[in-house]
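Q: My structure is in final10.txt, and what it holds is compact mmCIF, C-alpha atoms:
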# COMPACT_ATOMS: atom_id res chain seq x y z
CA MET A 1 23.66 -3.88 7.61
CA LEU A 2 26.79 -2.70 5.82
CA ASN A 3 27.24 1.06 5.58
CA VAL A 4 27.40 1.15 1.77
CA LYS A 5 27.65 4.38 -0.18
CA ILE A 6 25.81 4.45 -3.51
CA LEU A 7 25.87 7.17 -6.16
CA LEU A 8 23.14 7.56 -8.75
CA LYS A 9 25.07 9.61 -11.28
CA LYS A 10 23.37 12.18 -13.53
CA ILE A 11 19.93 10.60 -13.34
CA ASN A 12 16.48 11.99 -14.13
CA ALA A 13 14.74 12.27 -10.76
CA ALA A 14 11.22 13.15 -9.55
CA LEU A 15 12.06 15.70 -6.85
CA PRO A 16 9.93 17.90 -4.58
CA GLU A 17 9.37 21.41 -5.94
CA GLY A 18 7.14 23.48 -3.68
CA ASP A 19 3.95 21.50 -3.21
CA THR A 20 4.42 19.46 -6.38
CA LEU A 21 7.06 17.35 -8.17
CA ALA A 22 9.41 18.22 -10.99
CA VAL A 23 11.90 16.15 -12.96
CA ARG A 24 15.50 17.30 -12.72
CA ARG A 25 18.74 15.68 -13.75
CA CYS A 26 21.01 15.36 -10.74
CA ASP A 27 23.25 13.16 -8.65
CA ILE A 28 21.77 11.28 -5.71
CA GLY A 29 23.99 10.01 -2.93
CA ILE A 30 23.06 7.27 -0.47
CA ASP A 31 25.05 6.75 2.72
CA GLY A 32 23.95 3.65 4.58
CA THR A 33 20.17 3.63 4.84
CA ARG A 34 19.54 7.29 3.98
CA ILE A 35 19.72 9.77 1.16
CA LEU A 36 22.70 12.06 1.73
CA PHE A 37 22.07 14.51 -1.12
CA ALA A 38 20.02 15.06 -4.27
CA GLY A 39 21.81 17.61 -6.41
CA ASP A 40 25.49 17.94 -7.26
CA CYS A 41 27.78 15.27 -5.89
CA PRO A 42 30.19 16.72 -3.29
CA ASN A 43 33.87 16.30 -4.07
CA ASP A 44 34.45 14.37 -0.85
CA PHE A 45 31.75 11.73 -1.51
CA THR A 46 33.42 8.46 -2.50
CA PRO A 47 30.83 5.82 -3.44
CA ASP A 48 31.25 2.08 -3.07
CA LYS A 49 28.87 1.62 -5.99
CA THR A 50 27.90 3.93 -8.85
CA ILE A 51 24.75 3.53 -10.94
CA ASN A 52 24.93 5.31 -14.29
CA GLY A 53 21.76 7.39 -14.69
CA THR A 54 21.84 7.56 -18.48
CA GLY A 55 18.48 6.40 -19.81
CA LYS A 56 17.11 6.04 -16.28
CA PHE A 57 14.38 7.72 -14.22
CA VAL A 58 14.31 7.49 -10.42
CA ILE A 59 11.16 8.01 -8.38
CA PRO A 60 10.40 7.66 -4.67
CA GLY A 61 9.53 4.07 -3.85
CA LEU A 62 5.79 3.55 -4.32
CA VAL A 63 3.72 2.98 -1.17
CA ASN A 64 0.94 0.42 -1.55
CA ALA A 65 -1.31 1.86 1.16
CA HIS A 66 -3.82 -1.00 1.32
CA THR A 67 -3.43 -4.63 0.40
CA HIS A 68 -3.75 -8.20 1.65
CA ALA A 69 -0.47 -9.49 0.29
CA ALA A 70 -0.93 -13.22 0.89
CA MET A 71 -4.13 -13.17 -1.18
CA ALA A 72 -1.83 -13.33 -4.18
CA LEU A 73 -2.39 -17.07 -3.74
CA LEU A 74 -6.06 -16.54 -4.63
CA ARG A 75 -5.41 -14.60 -7.82
CA ASN A 76 -7.83 -15.52 -10.63
CA ARG A 77 -9.81 -17.90 -8.41
CA ALA A 78 -13.03 -15.92 -7.83
CA ASP A 79 -13.42 -13.48 -10.70
CA ASP A 80 -16.49 -11.71 -12.11
CA LEU A 81 -18.55 -11.96 -8.93
CA PRO A 82 -20.37 -9.32 -6.85
CA PHE A 83 -18.58 -8.25 -3.67
CA MET A 84 -20.43 -10.13 -0.92
CA ALA A 85 -20.66 -13.35 -2.96
CA TRP A 86 -16.98 -13.02 -3.86
CA LEU A 87 -16.01 -12.59 -0.20
CA PHE A 88 -18.29 -14.94 1.73
CA ASP A 89 -18.99 -17.68 -0.83
CA HIS A 90 -15.53 -18.03 -2.37
CA ILE A 91 -12.65 -16.16 -0.74
CA ILE A 92 -13.31 -16.95 2.92
CA PRO A 93 -13.86 -20.70 2.25
CA MET A 94 -10.51 -20.84 0.44
CA GLU A 95 -8.80 -18.89 3.23
CA ASP A 96 -10.18 -21.40 5.72
CA ARG A 97 -8.10 -24.04 3.92
CA LEU A 98 -4.82 -22.17 4.30
CA SER A 99 -2.32 -24.18 6.32
CA GLU A 100 0.93 -23.37 8.10
CA GLY A 101 3.45 -21.88 5.71
CA ASP A 102 0.95 -20.88 3.02
CA ILE A 103 0.71 -17.24 4.05
CA TYR A 104 4.50 -16.93 4.04
CA TRP A 105 4.67 -18.00 0.42
CA GLY A 106 1.69 -15.86 -0.57
CA THR A 107 3.36 -12.81 0.96
CA MET A 108 6.64 -13.63 -0.75
CA LEU A 109 4.81 -13.89 -4.08
CA ALA A 110 3.28 -10.47 -3.54
CA ALA A 111 6.67 -9.06 -2.51
CA CYS A 112 8.18 -10.29 -5.78
CA GLU A 113 5.50 -8.53 -7.79
CA MET A 114 5.56 -5.36 -5.73
CA LEU A 115 9.33 -4.97 -5.83
CA ARG A 116 9.41 -5.70 -9.55
CA SER A 117 6.95 -2.83 -10.18
CA GLY A 118 8.55 -0.26 -7.90
CA THR A 119 6.74 -0.67 -4.57
CA THR A 120 9.09 -0.36 -1.61
CA CYS A 121 6.50 -0.26 1.22
CA PHE A 122 3.09 -1.86 1.66
CA ASN A 123 0.32 -1.62 4.26
CA ASP A 124 -1.03 -5.08 4.95
CA MET A 125 -4.07 -6.46 6.72
CA TYR A 126 -4.43 -10.21 7.13
CA PHE A 127 -5.29 -12.73 9.82
CA THR A 128 -1.89 -14.08 10.81
CA GLY A 129 1.33 -12.33 11.64
CA GLU A 130 4.43 -14.49 12.12
CA GLU A 131 4.62 -15.73 8.52
CA ILE A 132 4.10 -12.25 7.09
CA ILE A 133 6.78 -10.77 9.35
CA GLN A 134 9.22 -13.46 8.23
CA ALA A 135 8.40 -12.86 4.57
CA CYS A 136 9.08 -9.14 5.00
CA ARG A 137 12.40 -9.88 6.68
CA ASP A 138 13.41 -12.36 4.00
CA SER A 139 12.43 -10.13 1.08
CA GLY A 140 13.70 -6.87 2.60
CA ILE A 141 10.58 -4.87 1.71
CA ARG A 142 9.25 -2.21 4.08
CA ALA A 143 5.77 -2.74 5.55
CA GLN A 144 3.17 -1.67 8.05
CA LEU A 145 1.39 -4.79 9.30
CA SER A 146 -1.90 -5.44 11.04
CA LEU A 147 -4.08 -8.43 11.81
CA GLY A 148 -7.62 -8.02 10.51
CA ILE A 149 -9.77 -8.70 13.57
CA THR A 150 -13.52 -9.24 13.83
CA ASN A 151 -16.14 -10.32 16.37
CA ALA A 152 -19.30 -10.58 14.29
CA TYR A 153 -18.97 -14.32 13.74
CA CYS A 154 -17.45 -15.55 17.01
CA ASP A 155 -18.02 -15.42 20.75
CA LYS A 156 -16.47 -12.83 23.07
CA ALA A 157 -13.65 -15.09 24.20
CA ALA A 158 -12.55 -15.73 20.62
CA ALA A 159 -12.81 -12.03 19.73
CA ASP A 160 -10.78 -11.05 22.78
CA ALA A 161 -8.16 -13.64 21.83
CA LYS A 162 -7.83 -12.12 18.34
CA LEU A 163 -7.23 -8.69 19.80
CA ASP A 164 -4.80 -10.04 22.39
CA THR A 165 -2.83 -11.78 19.63
CA SER A 166 -2.62 -8.57 17.63
CA VAL A 167 -1.50 -6.56 20.66
CA GLU A 168 1.12 -9.12 21.59
CA GLN A 169 2.50 -9.15 18.04
CA ILE A 170 2.97 -5.40 18.15
CA ARG A 171 4.66 -5.53 21.55
CA GLN A 172 6.97 -8.31 20.45
CA TYR A 173 8.03 -6.97 17.06
CA ARG A 174 7.83 -3.18 17.29
CA GLY A 175 11.26 -1.79 16.61
CA THR A 176 11.96 -4.41 13.94
CA GLU A 177 13.86 -2.82 11.07
CA ARG A 178 11.54 -1.66 8.23
CA LEU A 179 8.40 -2.80 10.04
CA THR A 180 5.71 -0.76 11.77
CA PHE A 181 2.32 -1.90 13.05
CA ALA A 182 -1.33 -0.90 13.41
CA LEU A 183 -4.52 -2.38 14.84
CA ALA A 184 -7.11 -3.36 12.27
CA PRO A 185 -10.82 -3.66 13.04
CA HIS A 186 -11.77 -5.25 9.74
CA ALA A 187 -14.92 -3.29 8.84
CA PRO A 188 -18.14 -1.87 10.31
CA TYR A 189 -20.11 -4.94 9.25
CA THR A 190 -17.73 -7.35 11.00
CA CYS A 191 -17.11 -5.44 14.24
CA THR A 192 -19.62 -4.32 16.86
CA PRO A 193 -19.40 -0.82 18.40
CA GLU A 194 -18.24 -2.29 21.71
CA TYR A 195 -15.44 -4.22 19.99
CA ILE A 196 -14.34 -1.15 18.03
CA ALA A 197 -14.18 0.84 21.28
CA GLN A 198 -12.12 -1.95 22.83
CA ILE A 199 -9.69 -1.90 19.88
CA ALA A 200 -9.43 1.90 20.04
CA GLY A 201 -8.53 1.68 23.73
CA GLN A 202 -5.73 -0.78 23.03
CA ALA A 203 -4.43 1.35 20.15
CA LYS A 204 -4.20 4.36 22.47
CA LYS A 205 -2.20 2.32 25.00
CA LEU A 206 0.16 1.06 22.31
CA GLY A 207 0.49 4.40 20.52
CA VAL A 208 -0.39 2.94 17.12
CA GLY A 209 -2.86 3.86 14.40
CA ILE A 210 -5.84 2.11 12.85
CA HIS A 211 -6.20 0.35 9.49
CA THR A 212 -9.77 -0.49 8.46
CA HIS A 213 -12.20 -0.89 5.56
CA LEU A 214 -14.88 1.78 5.32
CA GLY A 215 -17.64 2.70 2.89
CA GLU A 216 -16.59 -0.01 0.43
CA SER A 217 -19.91 -1.27 -0.92
CA ARG A 218 -23.62 -0.46 -1.10
CA ASP A 219 -24.30 -3.64 0.90
CA GLU A 220 -22.17 -2.29 3.73
CA ILE A 221 -23.99 1.04 3.66
CA ALA A 222 -27.38 -0.70 3.73
CA GLN A 223 -26.42 -3.07 6.55
CA ILE A 224 -25.17 -0.32 8.85
CA LYS A 225 -28.11 1.92 8.02
CA GLU A 226 -30.62 -0.84 8.75
CA LYS A 227 -29.00 -1.94 12.00
CA TYR A 228 -27.80 1.38 13.47
CA ASN A 229 -29.49 4.09 11.36
CA GLN A 230 -26.05 5.56 10.67
CA SER A 231 -23.52 5.74 7.88
CA PRO A 232 -20.37 3.64 8.43
CA PHE A 233 -18.48 6.88 9.15
CA GLU A 234 -21.01 7.98 11.79
CA TYR A 235 -20.91 4.45 13.23
CA MET A 236 -17.12 4.48 13.59
CA GLU A 237 -17.13 8.03 14.96
CA GLU A 238 -19.64 7.17 17.69
CA ALA A 239 -17.58 4.11 18.62
CA GLY A 240 -14.58 6.40 19.21
CA LEU A 241 -12.33 5.05 16.45
CA PHE A 242 -11.51 8.41 14.90
CA GLU A 243 -9.83 9.68 18.04
CA LEU A 244 -6.81 7.78 16.69
CA PRO A 245 -4.87 8.15 13.41
CA VAL A 246 -7.03 6.21 10.95
CA LEU A 247 -6.27 4.91 7.48
CA ALA A 248 -9.55 3.85 5.90
CA ALA A 249 -9.48 1.77 2.74
CA HIS A 250 -11.90 2.37 -0.14
CA CYS A 251 -14.37 5.05 1.06
CA VAL A 252 -16.33 4.66 -2.17
CA TYR A 253 -19.56 5.84 -0.58
CA MET A 254 -19.36 9.08 1.38
CA THR A 255 -22.06 11.61 2.11
CA GLU A 256 -21.19 15.27 2.58
CA ALA A 257 -21.43 14.65 6.33
CA ASP A 258 -19.03 11.70 6.01
CA MET A 259 -16.57 13.91 4.15
CA GLN A 260 -16.75 16.43 6.99
CA ILE A 261 -16.09 13.69 9.54
CA ALA A 262 -13.04 12.48 7.61
CA ALA A 263 -11.65 16.01 7.33
CA LYS A 264 -12.40 16.83 10.98
CA TYR A 265 -10.36 13.89 12.27
CA ASN A 266 -7.55 14.17 9.68
CA MET A 267 -8.28 10.68 8.42
CA SER A 268 -6.31 9.24 5.53
CA VAL A 269 -8.05 7.34 2.76
CA ALA A 270 -6.46 4.59 0.66
CA THR A 271 -8.30 4.54 -2.64
CA ASN A 272 -8.22 1.27 -4.60
CA PRO A 273 -9.62 2.06 -8.06
CA VAL A 274 -9.01 -1.27 -9.80
CA SER A 275 -10.40 -3.45 -7.00
CA ASN A 276 -13.46 -1.22 -6.65
CA LEU A 277 -14.09 -1.41 -10.39
CA LYS A 278 -13.58 -5.17 -10.60
CA LEU A 279 -15.94 -5.90 -7.69
CA SER A 280 -18.46 -3.39 -9.13
CA ASN A 281 -18.37 -1.40 -5.91
CA GLY A 282 -18.12 1.93 -7.69
CA ILE A 283 -15.68 4.82 -7.83
CA ALA A 284 -14.51 6.76 -4.78
CA PRO A 285 -15.03 10.56 -4.77
CA VAL A 286 -11.30 11.25 -4.72
CA LYS A 287 -11.52 14.76 -6.17
CA GLN A 288 -13.99 15.75 -3.46
CA MET A 289 -11.72 14.23 -0.79
CA LEU A 290 -8.75 16.21 -2.05
CA ASP A 291 -10.84 19.38 -2.22
CA ALA A 292 -11.84 18.78 1.41
CA GLY A 293 -8.20 18.53 2.47
CA ILE A 294 -8.28 14.78 3.15
CA ASN A 295 -4.98 12.96 2.70
CA VAL A 296 -5.43 10.42 -0.09
CA ALA A 297 -3.14 7.43 -0.61
CA LEU A 298 -3.23 4.68 -3.23
CA GLY A 299 -3.49 0.92 -2.83
CA THR A 300 -4.04 -2.16 -4.94
CA ASP A 301 -6.11 -4.17 -2.44
CA GLY A 302 -5.36 -7.90 -2.57
CA ALA A 303 -4.64 -9.70 -5.83
CA ALA A 304 -7.82 -11.74 -5.35
CA SER A 305 -9.87 -8.62 -6.10
CA ASN A 306 -7.43 -6.82 -8.36
CA ASN A 307 -5.38 -9.61 -9.94
CA SER A 308 -2.33 -7.34 -9.71
CA GLN A 309 -0.05 -5.76 -7.13
CA ASN A 310 1.37 -3.36 -9.73
CA MET A 311 1.14 0.16 -8.31
CA ILE A 312 2.17 1.74 -11.62
CA ARG A 313 -0.91 0.19 -13.19
CA GLU A 314 -2.97 1.49 -10.26
CA LEU A 315 -1.47 4.95 -10.70
CA GLY A 316 -2.65 5.04 -14.31
CA TYR A 317 -6.20 4.20 -13.29
CA LEU A 318 -6.12 6.84 -10.54
CA CYS A 319 -5.04 9.61 -12.88
CA LEU A 320 -7.39 8.68 -15.74
CA LEU A 321 -10.53 7.52 -13.98
CA HIS A 322 -11.24 10.72 -12.08
CA LYS A 323 -10.68 12.94 -15.12
CA GLY A 324 -13.48 11.06 -16.84
CA MET A 325 -15.76 10.91 -13.81
CA ASN A 326 -15.43 14.63 -13.15
CA GLU A 327 -15.21 15.66 -16.82
CA ASP A 328 -12.12 17.61 -15.85
CA ALA A 329 -8.84 16.98 -17.69
CA GLN A 330 -6.92 18.75 -14.92
CA CYS A 331 -8.23 16.46 -12.18
CA ILE A 332 -5.27 14.60 -10.60
CA PRO A 333 -2.47 15.58 -12.96
CA ALA A 334 0.51 13.26 -13.24
CA ALA A 335 2.66 14.93 -10.57
CA GLN A 336 -0.20 14.87 -8.06
CA GLY A 337 -0.92 11.25 -8.88
CA LEU A 338 2.66 10.25 -8.14
CA GLN A 339 2.55 12.20 -4.88
CA ILE A 340 -0.61 10.33 -3.85
CA ALA A 341 1.16 7.03 -4.62
CA THR A 342 4.26 8.00 -2.61
CA LEU A 343 4.06 10.82 -0.06
CA GLY A 344 0.29 10.33 0.38
CA GLY A 345 0.92 6.74 1.39
CA ALA A 346 3.80 7.72 3.65
CA LYS A 347 1.58 10.23 5.46
CA ALA A 348 -1.19 7.65 5.81
CA LEU A 349 1.27 5.31 7.56
CA GLY A 350 2.74 8.04 9.75
CA LEU A 351 6.05 7.71 7.90
CA GLU A 352 6.20 11.01 5.98
CA SER A 353 9.38 12.06 7.79
CA GLU A 354 11.06 8.83 6.67
CA ILE A 355 9.84 7.93 3.17
CA GLY A 356 7.70 9.19 0.29
CA SER A 357 10.02 11.68 -1.39
CA ILE A 358 13.60 12.00 -2.59
CA GLU A 359 15.12 14.32 -0.01
CA ALA A 360 18.30 14.41 2.01
CA GLY A 361 17.83 12.71 5.36
CA LYS A 362 15.03 10.40 4.29
CA GLN A 363 15.30 6.66 3.95
CA ALA A 364 16.76 5.61 0.61
CA ASP A 365 13.62 3.94 -0.75
CA LEU A 366 13.87 4.37 -4.52
CA ALA A 367 12.70 2.79 -7.77
CA ILE A 368 14.80 3.23 -10.91
CA LEU A 369 13.10 2.77 -14.25
CA ASN A 370 14.77 2.06 -17.58
CA ILE A 371 13.20 4.59 -19.96
CA GLU A 372 15.02 3.37 -23.05
CA HIS A 373 11.82 1.88 -24.46
CA SER A 374 9.88 3.06 -27.48
CA HIS A 375 6.76 3.86 -25.45
CA TRP A 376 8.80 6.29 -23.33
CA TYR A 377 9.93 8.34 -26.32
CA PRO A 378 10.17 11.22 -26.84
CA HIS A 379 11.51 12.06 -23.38
CA SER A 380 9.47 15.22 -23.16
CA ASN A 381 7.48 14.63 -19.93
CA LEU A 382 8.60 11.66 -17.86
CA LEU A 383 5.93 12.13 -15.19
CA ALA A 384 3.21 11.97 -17.85
CA THR A 385 4.67 8.83 -19.37
CA LEU A 386 4.92 7.22 -15.94
CA CYS A 387 1.25 7.87 -15.19
CA TYR A 388 -0.31 7.41 -18.64
CA GLY A 389 1.97 5.03 -20.52
CA ALA A 390 4.19 3.01 -18.18
CA GLN A 391 3.64 -0.68 -17.60
CA GLY A 392 5.67 -1.38 -14.46
CA SER A 393 8.04 -3.75 -16.23
CA GLU A 394 10.39 -0.79 -16.82
CA VAL A 395 11.44 -0.94 -13.15
CA GLU A 396 15.02 -2.13 -13.23
CA THR A 397 16.49 -1.42 -9.80
CA VAL A 398 14.80 -1.02 -6.40
CA ILE A 399 16.49 0.19 -3.24
CA VAL A 400 14.91 -0.05 0.24
CA GLY A 401 16.69 1.53 3.18
CA GLY A 402 19.86 1.75 1.11
CA GLU A 403 19.78 -1.97 0.25
CA ILE A 404 19.43 -3.02 -3.38
CA LEU A 405 16.61 -5.57 -3.56
CA LEU A 406 16.19 -5.57 -7.34
CA GLU A 407 19.28 -5.04 -9.47
CA ASN A 408 19.20 -4.93 -13.26
CA GLY A 409 15.89 -6.81 -13.17
CA ALA A 410 17.00 -9.56 -10.77
CA LEU A 411 15.73 -9.93 -7.20
CA THR A 412 18.71 -10.07 -4.87
CA LYS A 413 17.22 -11.68 -1.74
CA ILE A 414 14.36 -13.83 -3.06
CA ASP A 415 14.53 -17.20 -4.80
CA GLU A 416 11.77 -16.28 -7.23
CA GLU A 417 11.62 -19.70 -8.88
CA ARG A 418 10.99 -21.34 -5.50
CA VAL A 419 8.31 -18.77 -4.66
CA ARG A 420 6.45 -19.42 -7.92
CA PHE A 421 6.64 -23.19 -7.38
CA GLU A 422 5.25 -23.00 -3.84
CA ALA A 423 2.51 -20.56 -4.84
CA GLN A 424 1.29 -22.81 -7.64
CA ARG A 425 1.31 -25.87 -5.39
CA ILE A 426 -0.69 -24.07 -2.68
CA SER A 427 -3.20 -22.58 -5.11
CA GLU A 428 -3.99 -25.96 -6.61
CA ARG A 429 -4.52 -27.44 -3.15
CA LEU A 430 -6.83 -24.62 -2.03
CA CYS A 431 -9.14 -25.17 -4.96
CA GLN A 432 -9.56 -28.89 -4.44
CA VAL A 433 -13.04 -29.62 -3.10
Represent the structure of the file as structure tokens.

A:
Amino acid sequence: MLNVKILLKKINAALPEGDTLAVRRCDIGIDGTRILFAGDCPNDFTPDKTINGTGKFVIPGLVNAHTHAAMALLRNRADDLPFMAWLFDHIIPMEDRLSEGDIYWGTMLAACEMLRSGTTCFNDMYFTGEEIIQACRDSGIRAQLSLGITNAYCDKAAADAKLDTSVEQIRQYRGTERLTFALAPHAPYTCTPEYIAQIAGQAKKLGVGIHTHLGESRDEIAQIKEKYNQSPFEYMEEAGLFELPVLAAHCVYMTEADMQIAAKYNMSVATNPVSNLKLSNGIAPVKQMLDAGINVALGTDGAASNNSQNMIRELGYLCLLHKGMNEDAQCIPAAQGLQIATLGGAKALGLESEIGSIEAGKQADLAILNIEHSHWYPHSNLLATLCYGAQGSEVETVIVGGEILLENGALTKIDEERVRFEAQRISERLCQV
């Protein structure tokens, strides 16, 4: 990659201030892949490219901490259904019809939407790897990837083969620029205790973390209770999963004991408010998690259960929903919401030293919004407008690792027209019976 120097000149920026964020007008310098400074531009810094910050607002790139990117192909195809019927009667049968190349185009479609709405890094779980890795390379987006693996519906040989494939993918591709990896036991109801222990053992050998679903629905809670007389958290703890860094998606249903388990093992939770609402799974106790010291991140889940990969939309739901649920207007203020959507996600992926905030030395993963729109005026509190009034379409320029991937509203590495064409063609084929 070329060692390009970029200057964001006199721009409104969401910068760390103690344990919160504050908006300050400053210069931001990028040298190669990293942020060189965020303050006054040194006299000896000569940029190759200057971006005028007038009428602009720069934030850390958003981290979509839980999604299934290729499920963008299934958007709008199984709406208004309860969770288990949605998953087993509709989504899985369509996924069974995916053919070679489909997941590449689905991931590229999601990358278009994520980049256009300010997401620079996503945490993905799906059932194939090569196509997703290629899509990440071609689009330039940062990602942590994992293959969702299960053994509840197959024999031991097939389950072992899934795990072996996941391990081999990590060994082959670790060290790839902008990509990191995890192992992903899909969920308590699709993985036996023995299989979870097997996965945990491999994760220890590889030195990677875990990405899983946990406490997502009442059906899950009932199934695990009936079969093992445990909560999903107790089930995973006994299987030894929490001895590793764990990012658990959803966590809608947590007892006080579950909360203590999560805090004890320094788990991270990726809350997905829109998906949980749409599938009628409920609302996660995010305030209680934060009060317990649990690191909370934000995700969209797949577009099949959300219909959107827009993290700015998700941020609005996060900040508003929990105020209403807790009858507390100070619950998750705007600055904290943005931190959950950025640094919280970075911590959940083990990348907090690299991304998640605008600081010298970190990777230059940034989203620049055009705030010269009526709904952004008056410019009295940009963080509040971002969380309570933004739409995502204001994102004008996106930089990942110092590379401009969206410039003045145009994607620089993706043929978006081709992606839309392929996605429509695949979607129509999947729904033919």

Q: Go through A:Glu314, A:Glu243, A:Asp27, A:Glu396 and flag the residue nearest A:Asn43, using only C-alpha atoms for the distances.

A: A:Asp27

Q: Show me, as a list in words, the residues that have an atom within 10 Å of A:Cys431 when counting all atoms listed in the file, minus same-chain residues fewer than 5 positions from it.

A: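 The residues satisfying every condition are Leu74, Arg77, His90, Pro93, Met94, Arg97 and Ile426 of chain A.
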
Q: Please, what distance in Å, to one decimal, runs between atom CA of A:Lys287 and atom CA of A:Asn326?

A: 8.0 Å

Q: Take atom CA of A:Ala367 and atom CA of A:Ala303 and report the distance between them in Å, one decimal.

A: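 Taking atom CA of A:Ala367 as the start and atom CA of A:Ala303 as the end point, the length is 21.5 Å.
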
Q: Which residues, written as a short mmCIF file (atom, residue, chain, number, x, y, z; two decimals) with C-alpha atoms, in the coordinates of the input, have at least one atom at most 9 Å from A:Pro232, with all atoms listed in the file counted and residues fewer than 4 positions away on the same chain left out?

A:
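Final file, around06.cif:
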data_model
loop_
_atom_site.label_atom_id
_atom_site.label_comp_id
_atom_site.auth_asym_id
_atom_site.auth_seq_id
_atom_site.Cartn_x
_atom_site.Cartn_y
_atom_site.Cartn_z
CA ALA A 187 -14.92 -3.29 8.84
CA PRO A 188 -18.14 -1.87 10.31
CA TYR A 189 -20.11 -4.94 9.25
CA LEU A 214 -14.88 1.78 5.32
CA GLY A 215 -17.64 2.70 2.89
CA GLU A 220 -22.17 -2.29 3.73
CA ILE A 221 -23.99 1.04 3.66
CA ILE A 224 -25.17 -0.32 8.85
CA LYS A 225 -28.11 1.92 8.02
CA MET A 236 -17.12 4.48 13.59
CA GLU A 237 -17.13 8.03 14.96
CA MET A 254 -19.36 9.08 1.38
CA ASP A 258 -19.03 11.70 6.01
#

Q: Choose the residue, out of A:Ser305, A:Gln424, A:Asn64, A:Gln144, that has the smallest atom-to-atom separation from A:Pro82; count all atoms listed in the file.

A: A:Ser305

Q: Per residue of stretch 320-348 of chain A within 9 Å of stretch 263-280 of chain A, record the nearest atom pair and its distance in Å to one decimal, counting only C-alpha atoms, with rows in chain order and ascending residue number, as a tab-separated table.

A:
residue	atom	partner	partner_atom	distance
A:Leu321	CA	A:Pro273	CA	8.1
A:Gly344	CA	A:Ser268	CA	8.4
A:Gly345	CA	A:Ala270	CA	7.7
A:Lys347	CA	A:Ser268	CA	8.0
A:Ala348	CA	A:Ser268	CA	5.4

Q: Nearest to A:Asp301 among A:Ala65, A:Cys319, A:Ile368, A:Ala143, with distances taken over all atoms listed in the file: which residue is it?

A: A:Ala65

Q: Mind pulling up the distance from atom CA of A:Leu338 to atom CA of A:Val398?

A: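 Here the two named atoms are 16.7 Å from each other.
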
Q: Would you pick out the contacts of A:Met289 at 10 Å or less, using only C-alpha atoms, so that residues sharing its chain but fewer than 2 positions from it are not included, and give the list as a list in words?

A: Cys251, Met254, Met259, Gln260, Ala262, Ala263, Ser268, Val269, Ala284, Pro285, Val286, Lys287, Asp291, Ala292, Gly293, Ile294, Asn295 and Val296 of chain A

Q: When distances are computed from only C-alpha atoms, which of A:Tyr253, A:Phe122, A:Phe242, A:Tyr388 shows the smallest separation from A:Arg313?

A: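 Once distances to A:Arg313 are computed over only C-alpha atoms, the minimum belongs to A:Tyr388.
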
Q: Any idea what's packed within 10 Å of A:Ile404, counting only C-alpha atoms, ignoring anything in its chain fewer than 3 positions away? Could you give it as an mmCIF file with C-alpha atoms, in the frame of the given file?

A:
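result35.cif written:
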data_model
loop_
_atom_site.group_PDB
_atom_site.id
_atom_site.type_symbol
_atom_site.label_atom_id
_atom_site.label_comp_id
_atom_site.auth_asym_id
_atom_site.auth_seq_id
_atom_site.Cartn_x
_atom_site.Cartn_y
_atom_site.Cartn_z
ATOM 1 C CA ILE A 6 25.810 4.450 -3.510
ATOM 2 C CA GLY A 140 13.700 -6.870 2.600
ATOM 3 C CA ALA A 364 16.760 5.610 0.610
ATOM 4 C CA ASP A 365 13.620 3.940 -0.750
ATOM 5 C CA LEU A 366 13.870 4.370 -4.520
ATOM 6 C CA ALA A 367 12.700 2.790 -7.770
ATOM 7 C CA THR A 397 16.490 -1.420 -9.800
ATOM 8 C CA VAL A 398 14.800 -1.020 -6.400
ATOM 9 C CA ILE A 399 16.490 0.190 -3.240
ATOM 10 C CA VAL A 400 14.910 -0.050 0.240
ATOM 11 C CA GLY A 401 16.690 1.530 3.180
ATOM 12 C CA GLU A 407 19.280 -5.040 -9.470
ATOM 13 C CA LEU A 411 15.730 -9.930 -7.200
ATOM 14 C CA THR A 412 18.710 -10.070 -4.870
ATOM 15 C CA LYS A 413 17.220 -11.680 -1.740
#

Q: Emit as AutoDock Vina command-line options the padded axis-aligned box for all listed atoms of stretch 153-164 of chain A, 5 Å per side, with centre and edge lengths in Å to one decimal.

A:
--center_x -11.9 --center_y -12.2 --center_z 19.0 --size_x 24.2 --size_y 17.0 --size_z 20.5

Q: For each of A:Ala222, A:Ser139, A:Thr300, A:Met125, take the minimum atom-to-atom distance to A:Leu183, counting only C-alpha atoms, then give the residue where this is smallest.

A: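 Once distances to A:Leu183 are computed over only C-alpha atoms, the minimum belongs to A:Met125.
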
Q: Please identify all polymer residues within 10 Å of A:Gln336, counting only C-alpha atoms, omitting same-chain residues fewer than 6 positions from it, and present them as an MDAnalysis selection string.

A: chainID A and resid 19:21 319 342:344 383

Q: Rank A:Thr150, A:Thr46, A:Gln330, A:Asn310 by their smallest atom-to-atom distance to A:Val63, using only C-alpha atoms, and report the top residue only.

A: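 Selected residue with least distance to A:Val63: A:Asn310.
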
Q: Mind listing whatever residues come within 8 Å of the point (10.5, -0.5, 8.0)? Use all atoms listed in the file, file coordinates, and give them as a list in words.

A: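 All residues meeting the 8 Å criterion around (10.5, -0.5, 8.0) are Cys121, Ile141, Arg142, Ala143, Gln144, Thr176, Glu177, Arg178, Leu179 and Thr180 of chain A.
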
Q: Please, which residues are within 12 Å of (-4.8, 6.6, 22.3) by the file's coordinates, counting all atoms listed in the file, and could they come as a list in words?

A: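 Taken together, the residues in range are Leu183, Ala197, Gln198, Ile199, Ala200, Gly201, Gln202, Ala203, Lys204, Lys205, Leu206, Gly207, Val208, Gly209, Ile210, Gly240, Leu241, Phe242, Glu243, Leu244, Pro245 and Val246 of chain A.
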